[in-house]
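> I am sharing data.txt, which consists of compact mmCIF, N, CA and C atoms and all ligand atoms:
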```
# COMPACT_ATOMS: atom_id res chain seq x y z
N MET A 788 9.88 17.22 -3.43
CA MET A 788 10.49 16.61 -2.24
C MET A 788 9.43 15.94 -1.36
N GLU A 789 9.73 14.75 -0.93
CA GLU A 789 8.81 14.07 -0.03
C GLU A 789 8.95 14.65 1.38
N GLU A 790 7.85 14.74 2.05
CA GLU A 790 7.86 15.28 3.41
C GLU A 790 8.30 14.22 4.42
N GLY A 791 8.19 12.97 4.05
CA GLY A 791 8.42 11.90 5.02
C GLY A 791 7.14 11.11 5.17
N LEU A 792 7.29 9.85 5.39
CA LEU A 792 6.14 8.97 5.47
C LEU A 792 6.02 8.40 6.87
N SER A 793 4.85 7.91 7.16
CA SER A 793 4.61 7.35 8.48
C SER A 793 4.77 5.83 8.42
N CYS A 794 5.62 5.33 9.29
CA CYS A 794 5.93 3.90 9.29
C CYS A 794 4.70 3.07 9.64
N CYS A 795 4.48 2.00 8.93
CA CYS A 795 3.30 1.18 9.18
C CYS A 795 3.45 0.34 10.45
N PHE A 796 4.67 0.22 10.98
CA PHE A 796 4.88 -0.55 12.21
C PHE A 796 4.84 0.34 13.43
N CYS A 797 5.61 1.41 13.41
CA CYS A 797 5.75 2.22 14.62
C CYS A 797 5.19 3.63 14.44
N ASN A 798 4.71 3.94 13.24
CA ASN A 798 4.12 5.24 12.95
C ASN A 798 5.09 6.41 13.01
N LYS A 799 6.35 6.10 13.08
CA LYS A 799 7.33 7.16 13.08
C LYS A 799 7.39 7.80 11.70
N ILE A 800 7.53 9.11 11.68
CA ILE A 800 7.67 9.82 10.41
C ILE A 800 9.15 9.91 10.09
N ASP A 801 9.48 9.48 8.91
CA ASP A 801 10.89 9.45 8.53
C ASP A 801 10.95 9.24 7.03
N ASP A 802 12.07 9.55 6.44
CA ASP A 802 12.09 9.42 4.98
C ASP A 802 13.29 8.63 4.49
N GLU A 803 13.80 7.76 5.35
CA GLU A 803 14.97 7.00 4.96
C GLU A 803 14.68 5.51 4.87
N GLY A 804 13.43 5.17 4.99
CA GLY A 804 13.08 3.76 4.99
C GLY A 804 12.74 3.25 3.60
N ILE A 805 12.00 2.17 3.59
CA ILE A 805 11.63 1.54 2.33
C ILE A 805 10.11 1.48 2.23
N ILE A 806 9.64 1.29 1.02
CA ILE A 806 8.22 1.08 0.81
C ILE A 806 8.04 -0.34 0.34
N LEU A 807 7.25 -1.07 1.11
CA LEU A 807 6.98 -2.46 0.79
C LEU A 807 5.48 -2.58 0.56
N LEU A 808 5.12 -2.95 -0.65
CA LEU A 808 3.70 -3.11 -0.98
C LEU A 808 2.88 -1.90 -0.56
N ASN A 809 3.39 -0.73 -0.92
CA ASN A 809 2.70 0.53 -0.63
C ASN A 809 2.65 0.88 0.85
N GLN A 810 3.33 0.11 1.69
CA GLN A 810 3.39 0.43 3.10
C GLN A 810 4.80 0.92 3.41
N TYR A 811 4.87 2.03 4.07
CA TYR A 811 6.18 2.55 4.40
C TYR A 811 6.73 1.90 5.66
N ILE A 812 8.00 1.54 5.59
CA ILE A 812 8.69 0.97 6.75
C ILE A 812 9.91 1.84 7.02
N CYS A 813 9.97 2.39 8.21
CA CYS A 813 11.07 3.30 8.54
C CYS A 813 12.39 2.54 8.62
N ARG A 814 13.44 3.32 8.63
CA ARG A 814 14.78 2.74 8.63
C ARG A 814 14.98 1.78 9.82
N SER A 815 14.54 2.19 10.99
CA SER A 815 14.79 1.34 12.15
C SER A 815 13.98 0.05 12.09
N CYS A 816 12.75 0.12 11.61
CA CYS A 816 11.96 -1.10 11.47
C CYS A 816 12.52 -1.98 10.36
N GLU A 817 13.01 -1.35 9.34
CA GLU A 817 13.64 -2.11 8.27
C GLU A 817 14.82 -2.90 8.83
N LEU A 818 15.62 -2.22 9.66
CA LEU A 818 16.76 -2.89 10.26
C LEU A 818 16.30 -4.00 11.19
N GLU A 819 15.22 -3.75 11.91
CA GLU A 819 14.69 -4.79 12.80
C GLU A 819 14.29 -6.02 12.00
N ILE A 820 13.66 -5.77 10.88
CA ILE A 820 13.26 -6.90 10.03
C ILE A 820 14.50 -7.63 9.53
N THR A 821 15.50 -6.85 9.14
CA THR A 821 16.73 -7.44 8.64
C THR A 821 17.37 -8.34 9.68
N HIS A 822 17.28 -7.91 10.94
CA HIS A 822 17.93 -8.66 12.01
C HIS A 822 16.98 -9.57 12.76
N ALA A 823 15.77 -9.64 12.27
CA ALA A 823 14.73 -10.35 13.00
C ALA A 823 15.04 -11.83 13.21
N GLY A 824 15.79 -12.41 12.30
CA GLY A 824 16.08 -13.83 12.38
C GLY A 824 16.66 -14.27 13.70
N SER A 825 17.35 -13.34 14.38
CA SER A 825 17.99 -13.71 15.63
C SER A 825 17.08 -13.52 16.84
N ASN A 826 15.90 -13.04 16.61
CA ASN A 826 15.00 -12.79 17.73
C ASN A 826 13.60 -13.30 17.38
N GLU A 827 13.31 -14.48 17.87
CA GLU A 827 12.06 -15.14 17.46
C GLU A 827 10.82 -14.35 17.82
N LEU A 828 10.82 -13.78 19.00
CA LEU A 828 9.63 -13.05 19.43
C LEU A 828 9.40 -11.85 18.52
N ARG A 829 10.47 -11.11 18.29
CA ARG A 829 10.36 -9.95 17.41
C ARG A 829 9.92 -10.40 16.02
N TYR A 830 10.48 -11.50 15.60
CA TYR A 830 10.14 -12.01 14.29
C TYR A 830 8.65 -12.31 14.20
N GLU A 831 8.12 -12.90 15.27
CA GLU A 831 6.69 -13.22 15.27
C GLU A 831 5.86 -11.96 15.13
N ILE A 832 6.25 -10.92 15.86
CA ILE A 832 5.50 -9.66 15.80
C ILE A 832 5.57 -9.08 14.40
N ILE A 833 6.75 -9.05 13.86
CA ILE A 833 6.94 -8.48 12.53
C ILE A 833 6.21 -9.31 11.49
N LYS A 834 6.30 -10.61 11.67
CA LYS A 834 5.64 -11.50 10.72
C LYS A 834 4.14 -11.24 10.70
N LYS A 835 3.60 -11.04 11.91
CA LYS A 835 2.17 -10.77 12.02
C LYS A 835 1.83 -9.46 11.30
N ASN A 836 2.68 -8.46 11.51
CA ASN A 836 2.45 -7.18 10.85
C ASN A 836 2.57 -7.33 9.34
N LEU A 837 3.59 -8.03 8.91
CA LEU A 837 3.78 -8.20 7.48
C LEU A 837 2.63 -8.96 6.86
N LYS A 838 2.13 -9.93 7.63
CA LYS A 838 1.03 -10.75 7.13
C LYS A 838 -0.16 -9.86 6.81
N SER A 839 -0.44 -8.93 7.71
CA SER A 839 -1.60 -8.07 7.46
C SER A 839 -1.32 -7.12 6.30
N ILE A 840 -0.06 -6.77 6.11
CA ILE A 840 0.28 -5.93 4.96
C ILE A 840 0.06 -6.72 3.67
N TRP A 841 0.59 -7.93 3.67
CA TRP A 841 0.41 -8.77 2.48
C TRP A 841 -1.07 -8.96 2.19
N LYS A 842 -1.79 -9.29 3.25
CA LYS A 842 -3.21 -9.53 3.10
C LYS A 842 -3.91 -8.30 2.54
N GLY A 843 -3.58 -7.15 3.11
CA GLY A 843 -4.19 -5.92 2.64
C GLY A 843 -3.84 -5.62 1.20
N ALA A 844 -2.62 -5.99 0.82
CA ALA A 844 -2.17 -5.70 -0.54
C ALA A 844 -2.78 -6.68 -1.54
N LEU A 845 -2.87 -7.92 -1.11
CA LEU A 845 -3.35 -8.95 -2.04
C LEU A 845 -4.86 -9.03 -2.06
N PHE A 846 -5.45 -8.84 -0.87
CA PHE A 846 -6.90 -8.95 -0.77
C PHE A 846 -7.46 -7.74 -0.07
N PRO A 847 -7.45 -6.61 -0.75
CA PRO A 847 -7.97 -5.40 -0.11
C PRO A 847 -9.42 -5.59 0.31
N SER A 848 -9.65 -5.35 1.59
CA SER A 848 -11.02 -5.50 2.09
C SER A 848 -11.54 -4.13 2.49
N HIS A 849 -12.84 -4.03 2.54
CA HIS A 849 -13.43 -2.73 2.87
C HIS A 849 -14.20 -2.80 4.18
ZN ZN A 901 9.03 2.00 12.06
```
Output the file's structure as structure tokens, nothing else.


Amino acid sequence: MEEGLSCCFCNKIDDEGIILLNQYICRSCELEITHAGSNELRYEIIKKNLKSIWKGALFPSH
């Protein structure tokens, strides 16, 4: 059994979210992303966060 993972956006521990590129995204952040299209500012924030996730996944730096 998984204990629950820490969300990469809000650091909330929860086990109902998704894992995207080895980064855990909690249920509420997942929903925010899903609905982000209607909120440009939120979208920008999320996009920035996702960008760093992609970057970290594609080009792991040390
Ligand atoms: Zn979250």

> Would you list the residues that come within 6 Å of ligand ZN 901 (chain A)? Count only C-alpha atoms and all ligand atoms and give the answer as an NGL selection string.

:A and (794 or 796-799 or 812-813 or 815-816)

> For Tyr811 (chain A), work out the shell of residues within 8 Å, counting only N, CA and C atoms and skipping chain neighbours fewer than 5 positions away, then give it as a list of chain:residue names.

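Selected residues are A:Leu792, A:Ser793, A:Cys794, A:Cys795, A:Phe796, A:Cys797, A:Gly804, A:Ile805, A:Ile806, A:Glu817.
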
> Work out how far apart CA of Gly791 (chain A) and CA of Glu803 (chain A) are and give it in Å to one decimal.

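For CA of Gly791 (chain A) relative to CA of Glu803 (chain A), the distance reads 8.2 Å.
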
> Quick one, how far is atom C of Glu831 (chain A) from CA of Gly843 (chain A)?

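Distance between the two atoms: 17.1 Å.
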
> Tell me, in Å to one decimal, how far CA of Ser839 (chain A) is from CA of Asp801 (chain A).

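Taking CA of Ser839 (chain A) and CA of Asp801 (chain A), their separation equals 21.5 Å.
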
> Which residue is closest to Ile820 (chain A)? Choose from A:Lys838, A:Phe846, A:Asp802, A:Ile833 and count only N, CA and C atoms.

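Comparing A:Lys838, A:Phe846, A:Asp802, A:Ile833 against Ile820 (chain A), the winner is A:Ile833.
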